[in-house]
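The file data00.cif contains mmCIF, C-alpha atoms:
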data_run
#
loop_
_atom_site.group_PDB
_atom_site.id
_atom_site.type_symbol
_atom_site.label_atom_id
_atom_site.label_comp_id
_atom_site.auth_asym_id
_atom_site.auth_seq_id
_atom_site.Cartn_x
_atom_site.Cartn_y
_atom_site.Cartn_z
ATOM 1 C CA MET A 245 0.000 0.000 0.000
ATOM 2 C CA ASN A 246 1.336 3.394 -0.934
ATOM 3 C CA SER A 247 1.954 5.784 1.965
ATOM 4 C CA ASP A 248 2.215 9.528 2.185
ATOM 5 C CA ALA A 249 3.748 11.397 5.106
ATOM 6 C CA ASN A 250 1.494 14.348 4.436
ATOM 7 C CA ASP A 251 -1.791 12.401 4.601
ATOM 8 C CA PRO A 252 -4.456 14.523 6.372
ATOM 9 C CA LYS A 253 -5.270 11.860 9.008
ATOM 10 C CA VAL A 254 -7.262 14.027 11.400
ATOM 11 C CA PRO A 255 -9.631 15.532 8.780
ATOM 12 C CA ILE A 256 -10.206 12.083 7.261
ATOM 13 C CA ALA A 257 -10.973 10.641 10.699
ATOM 14 C CA GLU A 258 -13.667 13.279 11.177
ATOM 15 C CA LEU A 259 -15.262 12.863 7.749
ATOM 16 C CA PRO A 260 -17.687 10.028 8.652
ATOM 17 C CA ARG A 261 -19.027 12.071 11.550
ATOM 18 C CA ILE A 262 -19.344 15.149 9.343
ATOM 19 C CA ILE A 263 -21.219 13.165 6.677
ATOM 20 C CA VAL A 264 -23.629 11.697 9.250
ATOM 21 C CA LEU A 265 -24.266 15.099 10.807
ATOM 22 C CA GLY A 266 -24.720 16.616 7.352
ATOM 23 C CA VAL A 267 -27.344 14.103 6.241
ATOM 24 C CA ALA A 268 -29.124 14.432 9.602
ATOM 25 C CA LEU A 269 -29.276 18.209 9.155
ATOM 26 C CA VAL A 270 -30.601 17.893 5.606
ATOM 27 C CA LEU A 271 -33.256 15.375 6.649
ATOM 28 C CA VAL A 272 -34.416 17.518 9.583
ATOM 29 C CA THR A 273 -34.607 20.533 7.269
ATOM 30 C CA GLY A 274 -36.507 18.454 4.740
ATOM 31 C CA ILE A 275 -39.029 17.339 7.364
ATOM 32 C CA ILE A 276 -39.598 20.940 8.436
ATOM 33 C CA VAL A 277 -40.085 21.956 4.815
ATOM 34 C CA ALA A 278 -42.535 19.086 4.243
ATOM 35 C CA LEU A 279 -44.543 20.145 7.310
ATOM 36 C CA ALA A 280 -44.640 23.716 5.995
ATOM 37 C CA TRP A 281 -45.865 22.398 2.643
ATOM 38 C CA TRP A 282 -48.669 20.390 4.268
ATOM 39 C CA GLN A 283 -49.677 23.305 6.478
ATOM 40 C CA THR A 284 -49.755 25.920 3.716
ATOM 41 C CA ASN A 285 -50.512 23.647 0.739
ATOM 42 C CA ASP A 286 -47.772 25.566 -1.074
ATOM 43 C CA PRO A 287 -45.427 23.219 -3.024
ATOM 44 C CA ARG A 288 -42.846 25.980 -3.440
ATOM 45 C CA TRP A 289 -41.423 25.051 -0.035
ATOM 46 C CA VAL A 290 -40.419 21.609 -1.270
ATOM 47 C CA ARG A 291 -39.302 22.841 -4.690
ATOM 48 C CA ARG A 292 -36.942 25.387 -3.161
ATOM 49 C CA PHE A 293 -35.573 22.833 -0.721
ATOM 50 C CA PHE A 294 -34.701 20.311 -3.442
ATOM 51 C CA SER A 295 -33.487 23.024 -5.829
ATOM 52 C CA PHE A 296 -30.974 24.570 -3.418
ATOM 53 C CA PRO A 297 -29.920 22.824 -0.162
ATOM 54 C CA GLY A 298 -31.017 19.402 -1.425
ATOM 55 C CA ALA A 299 -29.166 19.752 -4.723
ATOM 56 C CA LEU A 300 -26.058 21.156 -3.007
ATOM 57 C CA PHE A 301 -26.005 18.232 -0.581
ATOM 58 C CA LEU A 302 -26.272 15.622 -3.337
ATOM 59 C CA VAL A 303 -23.561 17.295 -5.420
ATOM 60 C CA GLY A 304 -21.371 17.748 -2.338
ATOM 61 C CA CYS A 305 -21.679 14.092 -1.314
ATOM 62 C CA SER A 306 -20.935 12.853 -4.831
ATOM 63 C CA SER A 307 -17.911 15.176 -5.026
ATOM 64 C CA LEU A 308 -16.635 13.872 -1.689
ATOM 65 C CA GLN A 309 -17.272 10.294 -2.755
ATOM 66 C CA LEU A 310 -15.280 10.826 -5.958
ATOM 67 C CA TRP A 311 -12.310 12.370 -4.149
ATOM 68 C CA LEU A 312 -12.259 9.723 -1.408
ATOM 69 C CA SER A 313 -12.579 6.844 -3.884
ATOM 70 C CA PHE A 314 -9.681 8.204 -5.911
ATOM 71 C CA GLN A 315 -7.586 8.574 -2.745
ATOM 72 C CA CYS A 316 -8.289 4.939 -1.847
ATOM 73 C CA TRP A 317 -7.355 3.735 -5.334
ATOM 74 C CA ARG A 318 -4.048 5.594 -5.502
ATOM 75 C CA ARG A 319 -2.957 4.235 -2.106
ATOM 76 C CA PHE A 320 -3.145 0.626 -3.260
ATOM 77 C CA SER A 321 0.147 -0.448 -4.828
ATOM 78 C CA ARG A 322 0.376 -1.776 -8.358
ATOM 79 C CA GLY A 323 -0.484 -5.456 -8.367
ATOM 80 C CA ASP A 324 -2.496 -5.143 -5.181
ATOM 81 C CA LEU A 325 -5.564 -7.343 -5.070
ATOM 82 C CA LEU A 326 -7.969 -4.429 -4.588
ATOM 83 C CA ARG A 327 -6.349 -1.762 -6.767
ATOM 84 C CA PRO A 328 -8.531 -2.560 -9.841
ATOM 85 C CA ALA A 329 -11.580 -2.730 -7.563
ATOM 86 C CA TRP A 330 -11.110 0.795 -6.297
ATOM 87 C CA PHE A 331 -10.247 2.055 -9.769
ATOM 88 C CA LEU A 332 -13.650 0.845 -10.976
ATOM 89 C CA ILE A 333 -15.324 2.192 -7.834
ATOM 90 C CA SER A 334 -13.686 5.551 -8.619
ATOM 91 C CA LEU A 335 -15.121 5.428 -12.152
ATOM 92 C CA SER A 336 -18.496 4.667 -10.605
ATOM 93 C CA ALA A 337 -18.112 7.688 -8.324
ATOM 94 C CA LEU A 338 -17.186 9.816 -11.348
ATOM 95 C CA ALA A 339 -20.371 8.739 -13.123
ATOM 96 C CA GLN A 340 -22.392 9.533 -10.000
ATOM 97 C CA TRP A 341 -20.768 12.957 -9.746
ATOM 98 C CA LEU A 342 -21.514 13.714 -13.396
ATOM 99 C CA GLY A 343 -25.070 12.505 -12.884
ATOM 100 C CA ALA A 344 -25.465 14.851 -9.897
ATOM 101 C CA ILE A 345 -24.016 17.816 -11.815
ATOM 102 C CA PHE A 346 -26.183 17.203 -14.877
ATOM 103 C CA GLY A 347 -29.330 16.140 -13.038
ATOM 104 C CA GLN A 348 -29.318 18.425 -9.996
ATOM 105 C CA VAL A 349 -27.726 21.548 -11.515
ATOM 106 C CA LEU A 350 -27.641 21.741 -15.318
ATOM 107 C CA ALA A 351 -31.072 20.149 -15.859
ATOM 108 C CA ALA A 352 -32.808 22.232 -13.183
ATOM 109 C CA GLU A 353 -34.304 25.647 -13.603
ATOM 110 C CA SER A 354 -32.819 27.081 -10.423
ATOM 111 C CA GLY A 355 -30.330 29.718 -9.401
ATOM 112 C CA LEU A 356 -27.616 27.059 -9.358
ATOM 113 C CA ASN A 357 -27.835 26.475 -13.119
ATOM 114 C CA PRO A 358 -25.255 28.565 -15.031
ATOM 115 C CA LEU A 359 -27.025 27.731 -18.313
ATOM 116 C CA LEU A 360 -29.772 30.160 -17.339
ATOM 117 C CA LEU A 361 -27.232 32.948 -17.786
ATOM 118 C CA LEU A 362 -26.946 32.110 -21.493
ATOM 119 C CA PRO A 363 -29.263 33.646 -24.093
ATOM 120 C CA ALA A 364 -32.728 32.110 -23.851
ATOM 121 C CA PRO A 365 -32.623 30.173 -27.168
ATOM 122 C CA ILE A 366 -29.368 28.442 -26.173
ATOM 123 C CA GLY A 367 -30.141 27.728 -22.542
ATOM 124 C CA GLY A 368 -33.740 26.833 -23.332
ATOM 125 C CA SER A 369 -32.637 24.159 -25.789
ATOM 126 C CA LEU A 370 -29.794 22.740 -23.690
ATOM 127 C CA ILE A 371 -31.680 22.261 -20.416
ATOM 128 C CA PRO A 372 -34.383 19.880 -21.781
ATOM 129 C CA TRP A 373 -31.722 17.886 -23.647
ATOM 130 C CA ILE A 374 -29.623 17.521 -20.480
ATOM 131 C CA ALA A 375 -32.710 16.591 -18.447
ATOM 132 C CA GLU A 376 -33.484 13.810 -20.931
ATOM 133 C CA TYR A 377 -30.037 12.237 -20.914
ATOM 134 C CA ALA A 378 -28.880 12.896 -17.318
ATOM 135 C CA PRO A 379 -30.585 9.703 -15.994
ATOM 136 C CA LEU A 380 -28.266 7.613 -18.178
ATOM 137 C CA PHE A 381 -25.454 8.159 -15.694
ATOM 138 C CA SER A 382 -27.380 5.972 -13.238
ATOM 139 C CA PRO A 383 -26.938 2.606 -15.004
ATOM 140 C CA LEU A 384 -23.401 3.643 -15.919
ATOM 141 C CA TYR A 385 -22.321 4.129 -12.308
ATOM 142 C CA MET A 386 -24.058 0.881 -11.334
ATOM 143 C CA LEU A 387 -22.173 -1.026 -14.020
ATOM 144 C CA PHE A 388 -18.764 0.288 -12.881
ATOM 145 C CA LEU A 389 -19.641 -0.388 -9.237
ATOM 146 C CA CYS A 390 -20.792 -3.897 -10.105
ATOM 147 C CA LEU A 391 -17.454 -4.593 -11.817
ATOM 148 C CA GLY A 392 -15.541 -3.125 -8.889
ATOM 149 C CA LEU A 393 -17.402 -5.219 -6.315
ATOM 150 C CA PHE A 394 -16.671 -8.299 -8.425
ATOM 151 C CA TYR A 395 -12.973 -7.798 -7.638
ATOM 152 C CA VAL A 396 -13.760 -7.361 -3.941
ATOM 153 C CA VAL A 397 -15.723 -10.632 -3.886
ATOM 154 C CA LYS A 398 -12.782 -12.267 -5.646
ATOM 155 C CA ALA A 399 -10.438 -10.936 -2.963
ATOM 156 C CA CYS A 400 -12.679 -12.348 -0.236
ATOM 157 C CA ARG A 401 -12.666 -15.753 -1.895
ATOM 158 C CA GLN A 402 -8.893 -15.797 -2.431
ATOM 159 C CA ASN A 403 -8.300 -14.876 1.218
ATOM 160 C CA GLY A 404 -10.673 -17.555 2.478
ATOM 161 C CA ILE A 405 -13.141 -15.188 4.136
ATOM 162 C CA LEU A 406 -16.074 -15.454 1.751
ATOM 163 C CA GLY A 407 -19.209 -15.229 3.892
ATOM 164 C CA ARG A 408 -22.651 -16.791 3.767
ATOM 165 C CA PHE A 409 -26.070 -15.246 3.467
ATOM 166 C CA ARG A 410 -28.506 -15.089 6.371
ATOM 167 C CA PRO A 411 -32.332 -15.180 6.194
ATOM 168 C CA VAL A 412 -32.609 -11.389 6.457
ATOM 169 C CA ASP A 413 -30.283 -11.084 3.459
ATOM 170 C CA PHE A 414 -32.557 -13.261 1.337
ATOM 171 C CA LEU A 415 -35.488 -11.100 2.466
ATOM 172 C CA LEU A 416 -33.789 -7.891 1.272
ATOM 173 C CA LEU A 417 -32.764 -9.498 -2.003
ATOM 174 C CA GLY A 418 -36.252 -10.906 -2.451
ATOM 175 C CA VAL A 419 -37.881 -7.490 -2.070
ATOM 176 C CA VAL A 420 -35.659 -5.953 -4.755
ATOM 177 C CA ALA A 421 -35.964 -8.989 -7.036
ATOM 178 C CA VAL A 422 -39.776 -9.049 -6.812
ATOM 179 C CA TYR A 423 -39.925 -5.340 -7.617
ATOM 180 C CA THR A 424 -37.594 -5.809 -10.609
ATOM 181 C CA ILE A 425 -39.663 -8.685 -11.986
ATOM 182 C CA ASN A 426 -42.859 -6.704 -11.481
ATOM 183 C CA PHE A 427 -41.352 -3.646 -13.158
ATOM 184 C CA PHE A 428 -40.362 -5.580 -16.262
ATOM 185 C CA ALA A 429 -43.694 -7.389 -16.354
ATOM 186 C CA THR A 430 -45.868 -4.282 -15.994
ATOM 187 C CA VAL A 431 -43.750 -1.480 -17.464
ATOM 188 C CA VAL A 432 -41.334 -2.979 -19.973
ATOM 189 C CA LEU A 433 -43.035 -6.017 -21.513
ATOM 190 C CA ILE A 434 -46.828 -5.795 -21.250
ATOM 191 C CA PRO A 435 -47.234 -2.248 -22.616
ATOM 192 C CA HIS A 436 -45.309 -3.273 -25.731
ATOM 193 C CA GLY A 437 -46.908 -6.632 -26.445
ATOM 194 C CA SER A 438 -44.217 -8.703 -24.681
ATOM 195 C CA ALA A 439 -41.491 -7.090 -26.790
ATOM 196 C CA PRO A 440 -39.466 -4.253 -25.262
ATOM 197 C CA ALA A 441 -39.545 -1.094 -27.330
ATOM 198 C CA GLY A 442 -38.177 2.377 -26.933
ATOM 199 C CA GLY A 443 -35.199 4.547 -27.666
ATOM 200 C CA ALA A 444 -31.645 3.616 -26.749
ATOM 201 C CA GLN A 445 -31.730 5.785 -23.610
ATOM 202 C CA THR A 446 -34.988 4.162 -22.475
ATOM 203 C CA ILE A 447 -33.683 0.641 -22.943
ATOM 204 C CA LEU A 448 -30.432 1.512 -21.180
ATOM 205 C CA SER A 449 -32.359 2.954 -18.236
ATOM 206 C CA TRP A 450 -34.163 -0.392 -17.842
ATOM 207 C CA THR A 451 -30.854 -2.022 -16.866
ATOM 208 C CA SER A 452 -30.740 -0.076 -13.576
ATOM 209 C CA ASP A 453 -32.999 -2.425 -11.611
ATOM 210 C CA PRO A 454 -31.282 -5.705 -12.642
ATOM 211 C CA LEU A 455 -27.928 -4.065 -11.865
ATOM 212 C CA LEU A 456 -29.244 -3.045 -8.438
ATOM 213 C CA CYS A 457 -30.151 -6.683 -7.756
ATOM 214 C CA ILE A 458 -26.617 -7.778 -8.613
ATOM 215 C CA LEU A 459 -25.094 -4.927 -6.592
ATOM 216 C CA LEU A 460 -27.153 -5.741 -3.512
ATOM 217 C CA PHE A 461 -26.161 -9.416 -3.794
ATOM 218 C CA GLN A 462 -22.474 -8.465 -4.026
ATOM 219 C CA ALA A 463 -22.597 -5.866 -1.255
ATOM 220 C CA ILE A 464 -24.333 -8.180 1.215
ATOM 221 C CA LEU A 465 -21.906 -10.998 0.407
ATOM 222 C CA ILE A 466 -18.927 -8.697 0.992
ATOM 223 C CA ARG A 467 -20.467 -7.362 4.197
ATOM 224 C CA ARG A 468 -20.939 -10.911 5.517
ATOM 225 C CA SER A 469 -17.395 -11.794 4.462
ATOM 226 C CA VAL A 470 -15.789 -8.999 6.500
ATOM 227 C CA ALA A 471 -18.191 -9.379 9.444
ATOM 228 C CA ASN A 472 -15.651 -11.562 11.274
ATOM 229 C CA MET A 473 -13.362 -8.527 11.455
ATOM 230 C CA GLY A 474 -15.744 -6.986 13.990
ATOM 231 C CA TRP A 475 -17.237 -3.497 13.928
ATOM 232 C CA GLY A 476 -14.094 -2.029 12.398
ATOM 233 C CA LEU A 477 -13.534 0.498 9.639
ATOM 234 C CA ILE A 478 -13.480 -2.056 6.817
ATOM 235 C CA ALA A 479 -16.739 -3.616 8.018
ATOM 236 C CA ARG A 480 -18.287 -0.143 8.201
ATOM 237 C CA CYS A 481 -17.076 0.609 4.678
ATOM 238 C CA TRP A 482 -18.953 -2.298 3.106
ATOM 239 C CA LEU A 483 -21.963 -1.886 5.383
ATOM 240 C CA SER A 484 -22.181 1.678 4.044
ATOM 241 C CA PHE A 485 -22.144 0.431 0.452
ATOM 242 C CA THR A 486 -24.854 -2.116 1.313
ATOM 243 C CA ILE A 487 -27.031 0.604 2.861
ATOM 244 C CA ALA A 488 -26.430 2.892 -0.130
ATOM 245 C CA ILE A 489 -27.415 0.233 -2.655
ATOM 246 C CA PHE A 490 -30.505 -0.837 -0.716
ATOM 247 C CA ALA A 491 -31.549 2.799 -0.196
ATOM 248 C CA THR A 492 -31.198 3.345 -3.941
ATOM 249 C CA SER A 493 -33.476 0.356 -4.504
ATOM 250 C CA VAL A 494 -36.011 1.789 -2.048
ATOM 251 C CA GLY A 495 -35.836 5.123 -3.886
ATOM 252 C CA ASP A 496 -36.505 3.433 -7.237
ATOM 253 C CA ILE A 497 -39.412 1.475 -5.766
ATOM 254 C CA GLY A 498 -40.783 4.718 -4.323
ATOM 255 C CA LEU A 499 -40.613 6.481 -7.693
ATOM 256 C CA TRP A 500 -42.368 3.573 -9.369
ATOM 257 C CA ALA A 501 -45.076 3.376 -6.684
ATOM 258 C CA TRP A 502 -45.551 7.163 -6.796
ATOM 259 C CA SER A 503 -46.005 7.119 -10.582
ATOM 260 C CA ARG A 504 -48.720 4.496 -10.142
ATOM 261 C CA GLY A 505 -50.475 6.320 -7.326
ATOM 262 C CA TYR A 506 -49.799 3.553 -4.812
ATOM 263 C CA LEU A 507 -48.260 5.816 -2.145
ATOM 264 C CA PRO A 508 -50.131 8.142 0.213
ATOM 265 C CA GLY A 509 -48.812 11.689 0.527
ATOM 266 C CA ALA A 510 -46.634 11.046 3.595
ATOM 267 C CA LEU A 511 -44.882 8.015 2.104
ATOM 268 C CA GLU A 512 -44.514 9.783 -1.216
ATOM 269 C CA ALA A 513 -42.539 12.583 0.445
ATOM 270 C CA ALA A 514 -40.506 10.064 2.476
ATOM 271 C CA SER A 515 -39.455 8.302 -0.727
ATOM 272 C CA TRP A 516 -37.887 11.554 -1.948
ATOM 273 C CA TYR A 517 -35.642 11.884 1.105
ATOM 274 C CA VAL A 518 -34.211 8.370 0.873
ATOM 275 C CA TRP A 519 -31.881 9.646 -1.876
ATOM 276 C CA PHE A 520 -30.055 11.761 0.712
ATOM 277 C CA LEU A 521 -29.410 8.623 2.781
ATOM 278 C CA ALA A 522 -28.112 6.783 -0.284
ATOM 279 C CA SER A 523 -25.825 9.652 -1.283
ATOM 280 C CA ALA A 524 -24.391 9.958 2.236
ATOM 281 C CA ALA A 525 -23.845 6.192 2.501
ATOM 282 C CA TYR A 526 -21.993 6.120 -0.833
ATOM 283 C CA ALA A 527 -19.621 8.785 0.539
ATOM 284 C CA LEU A 528 -19.215 6.970 3.876
ATOM 285 C CA GLY A 529 -17.917 3.804 2.189
ATOM 286 C CA PRO A 530 -14.649 5.217 0.809
ATOM 287 C CA ALA A 531 -14.316 7.489 3.872
ATOM 288 C CA TYR A 532 -14.084 4.443 6.151
ATOM 289 C CA GLN A 533 -11.792 2.614 3.692
ATOM 290 C CA LEU A 534 -9.392 5.553 3.487
ATOM 291 C CA GLN A 535 -9.402 5.954 7.258
ATOM 292 C CA ALA A 536 -8.506 2.266 7.629
ATOM 293 C CA MET A 537 -5.634 2.620 5.168
ATOM 294 C CA LEU A 538 -4.268 5.671 6.982
ATOM 295 C CA HIS A 539 -4.418 3.787 10.281
ATOM 296 C CA ALA A 540 -2.516 0.884 8.722
ATOM 297 C CA THR A 541 0.133 3.313 7.430
ATOM 298 C CA ALA A 542 0.416 4.931 10.857
ATOM 299 C CA ARG A 543 1.039 1.536 12.495
ATOM 300 C CA ARG A 544 3.914 0.903 10.078
ATOM 301 C CA VAL A 545 5.401 4.337 10.666
ATOM 302 C CA ARG A 546 5.344 3.695 14.440
ATOM 303 C CA GLY A 547 7.432 0.580 13.810
ATOM 304 C CA HIS A 548 4.983 -2.234 14.416
ATOM 305 C CA PRO A 549 5.371 -4.406 11.297
ATOM 306 C CA ARG A 550 3.757 -7.794 11.448
ATOM 307 C CA VAL A 551 2.465 -10.450 9.080
ATOM 308 C CA PRO A 552 -0.999 -9.342 7.957
ATOM 309 C CA ALA A 553 -4.011 -11.573 8.391
ATOM 310 C CA PRO A 554 -5.963 -12.477 5.252
ATOM 311 C CA GLN A 555 -8.593 -9.874 6.108
ATOM 312 C CA GLU A 556 -5.959 -7.145 5.961
ATOM 313 C CA ALA A 557 -5.759 -7.502 2.185
ATOM 314 C CA PHE A 558 -8.396 -4.767 2.287
ATOM 315 C CA THR A 559 -5.879 -2.278 3.657
ATOM 316 C CA SER A 560 -2.408 -3.530 2.737
ATOM 317 C CA ASP A 561 -0.345 -5.365 0.124
#

Show me this structure written as structure tokens.
Amino acid sequence: MNSDANDPKVPIAELPRIIVLGVALVLVTGIIVALAWWQTNDPRWVRRFFSFPGALFLVGCSSLQLWLSFQCWRRFSRGDLLRPAWFLISLSALAQWLGAIFGQVLAAESGLNPLLLLPAPIGGSLIPWIAEYAPLFSPLYMLFLCLGLFYVVKACRQNGILGRFRPVDFLLLGVVAVYTINFFATVVLIPHGSAPAGGAQTILSWTSDPLLCILLFQAILIRRSVANMGWGLIARCWLSFTIAIFATSVGDIGLWAWSRGYLPGALEAASWYVWFLASAAYALGPAYQLQAMLHATARRVRGHPRVPAPQEAFTSD
């Protein structure tokens, strides 16, 4: 594992706490805004919340996730078992960051969008185009993350720590799998006479739910594999990814149920806020991984070399 004498250990150690406090603050603000909306019946409260503080939080978390993932990747030495994993996870974070920039800023008609400063014909034509294609970053980041987690599962197997699923894991997977099957049966196949139809961007967007099923399977398996390491930083890293992926699934299910009118008003609003939890959890994963790597480097600097256990392949050569 590469080391750096100038690593900012203290700020990195505080990042998980800052992320948790940040998402708590955003959620509390969102609840207050939702109550104001219900009291006044004025939807502008919610629109302003998601257009400004909500959008800034999502972009901020994706930016932090990208930087942290890149820091993790560059600290693994060439030939390290997990270096390609974190390279792909970094590409996934890049796709998420681009999706946040395009979807939350450039596709929105808010004060954050610099395109609104352009002449009306230019900005007016660019914003709808960006809004149409911004969702394509979602399956792209899932694909890169799926490939990255494949390497992590491979590392678990090679180190003899591959875990087993528990009943609650099958329950979570079953919920997402049933939703995916139902989505394809009622949205993709039946409306088109059992033959999927649509533009390239529509067909590509349909891959998100199957990819989420695979991601949740991988994340839970990795989480169970590192569970024997206790409630340490590496275990927290992969628990964060599991929470992020499941929260994303819940968000997708909420959007689908909302479009069909299945959700009452309270649950409809709650489904919007789950994206903040997912975004924060995606940033927490690499934050815990980087913190673990810095701790491992600090132990070496203090002169305590020892033969690493198989589990320590997640933090060292």

TODO: Mind giving me the straight-line distance from CA of Phe461 (chain A) to CA of Arg480 (chain A) in Å, one decimal?
DONE: 17.1 Å

Mind giving me the axis-aligned box for region 471-484 of chain A with 8 Å on every side, centre plus edges in Å to one decimal, as AutoDock Vina command-line options?
--center_x -17.8 --center_y -4.9 --center_z 8.5 --size_x 24.8 --size_y 29.2 --size_z 26.9

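Once Leu342 (chain A) and its same-chain neighbours fewer than 2 positions away are set aside, A:Val303, A:Ser306, A:Ala337, A:Leu338, A:Ala339, A:Gln340, A:Ala344, A:Ile345, A:Phe346, A:Gly347, A:Ala378, A:Phe381 remain within 9 Å of it when counting all atoms listed in the file.
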
Task: Separation of CA of Ser295 (chain A) from CA of Leu370 (chain A) in Å - done: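 About the pair CA of Leu370 (chain A) and CA of Ser295 (chain A): they are 18.2 Å apart.
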
Task: Reference answer for the PyMOL selection byres ((chain A and resi 464) around 8), as a list in words - done: Phe409, Asp413, Leu460, Phe461, Gln462, Ala463, Leu465, Ile466, Arg467, Arg468, Leu483 and Thr486 of chain A

Limited to C-alpha atoms, could you put the picked residues into a file as an mmCIF file, keeping the file's coordinate frame?
data_model
loop_
_atom_site.group_PDB
_atom_site.id
_atom_site.type_symbol
_atom_site.label_atom_id
_atom_site.label_comp_id
_atom_site.auth_asym_id
_atom_site.auth_seq_id
_atom_site.Cartn_x
_atom_site.Cartn_y
_atom_site.Cartn_z
ATOM 1 C CA PHE A 409 -26.070 -15.246 3.467
ATOM 2 C CA ASP A 413 -30.283 -11.084 3.459
ATOM 3 C CA LEU A 460 -27.153 -5.741 -3.512
ATOM 4 C CA PHE A 461 -26.161 -9.416 -3.794
ATOM 5 C CA GLN A 462 -22.474 -8.465 -4.026
ATOM 6 C CA ALA A 463 -22.597 -5.866 -1.255
ATOM 7 C CA LEU A 465 -21.906 -10.998 0.407
ATOM 8 C CA ILE A 466 -18.927 -8.697 0.992
ATOM 9 C CA ARG A 467 -20.467 -7.362 4.197
ATOM 10 C CA ARG A 468 -20.939 -10.911 5.517
ATOM 11 C CA LEU A 483 -21.963 -1.886 5.383
ATOM 12 C CA THR A 486 -24.854 -2.116 1.313
#

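Distance annotation: of A:Val396, A:Ile447, A:Ala299, A:Cys316, the residue with the minimal separation from Gln533 (chain A) is A:Cys316; atom set is all atoms listed in the file.
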
Open item on the list: Between A:Ser321, A:Ser334, A:Thr541, A:Asn403, which residue has the minimum interatomic distance to Cys390 (chain A), considering all atoms listed in the file?
Closed with: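 The answer is A:Ser334, which sits nearest to Cys390 (chain A).
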
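For the choices A:Asn472, A:Asn426, A:Thr273, A:Gln535, the atom-to-atom distance to Ile256 (chain A) is smallest for A:Gln535 when using only C-alpha atoms.
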
Task: Point-to-point distance from CA of Gly304 (chain A) to CA of Leu265 (chain A), Å rounded to tenths - done: 13.7 Å

Open item on the list: Using only C-alpha atoms, can you tell me which of A:Thr451, A:Ser336, A:Ser503, A:Ser523 comes closest to Ile489 (chain A)?
Closed with: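 Among A:Thr451, A:Ser336, A:Ser503, A:Ser523, it is A:Ser523 that comes nearest to Ile489 (chain A).
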
- [ ] Select, counting all atoms listed in the file, all protein, DNA and RNA residues no farther than 9 Å from (-11.3, 4.2, 6.0) in file coordinates, and express the selection as a PyMOL selection string.
- [x] chain A and resi 256-257+316+477-478+480-481+528-539+559
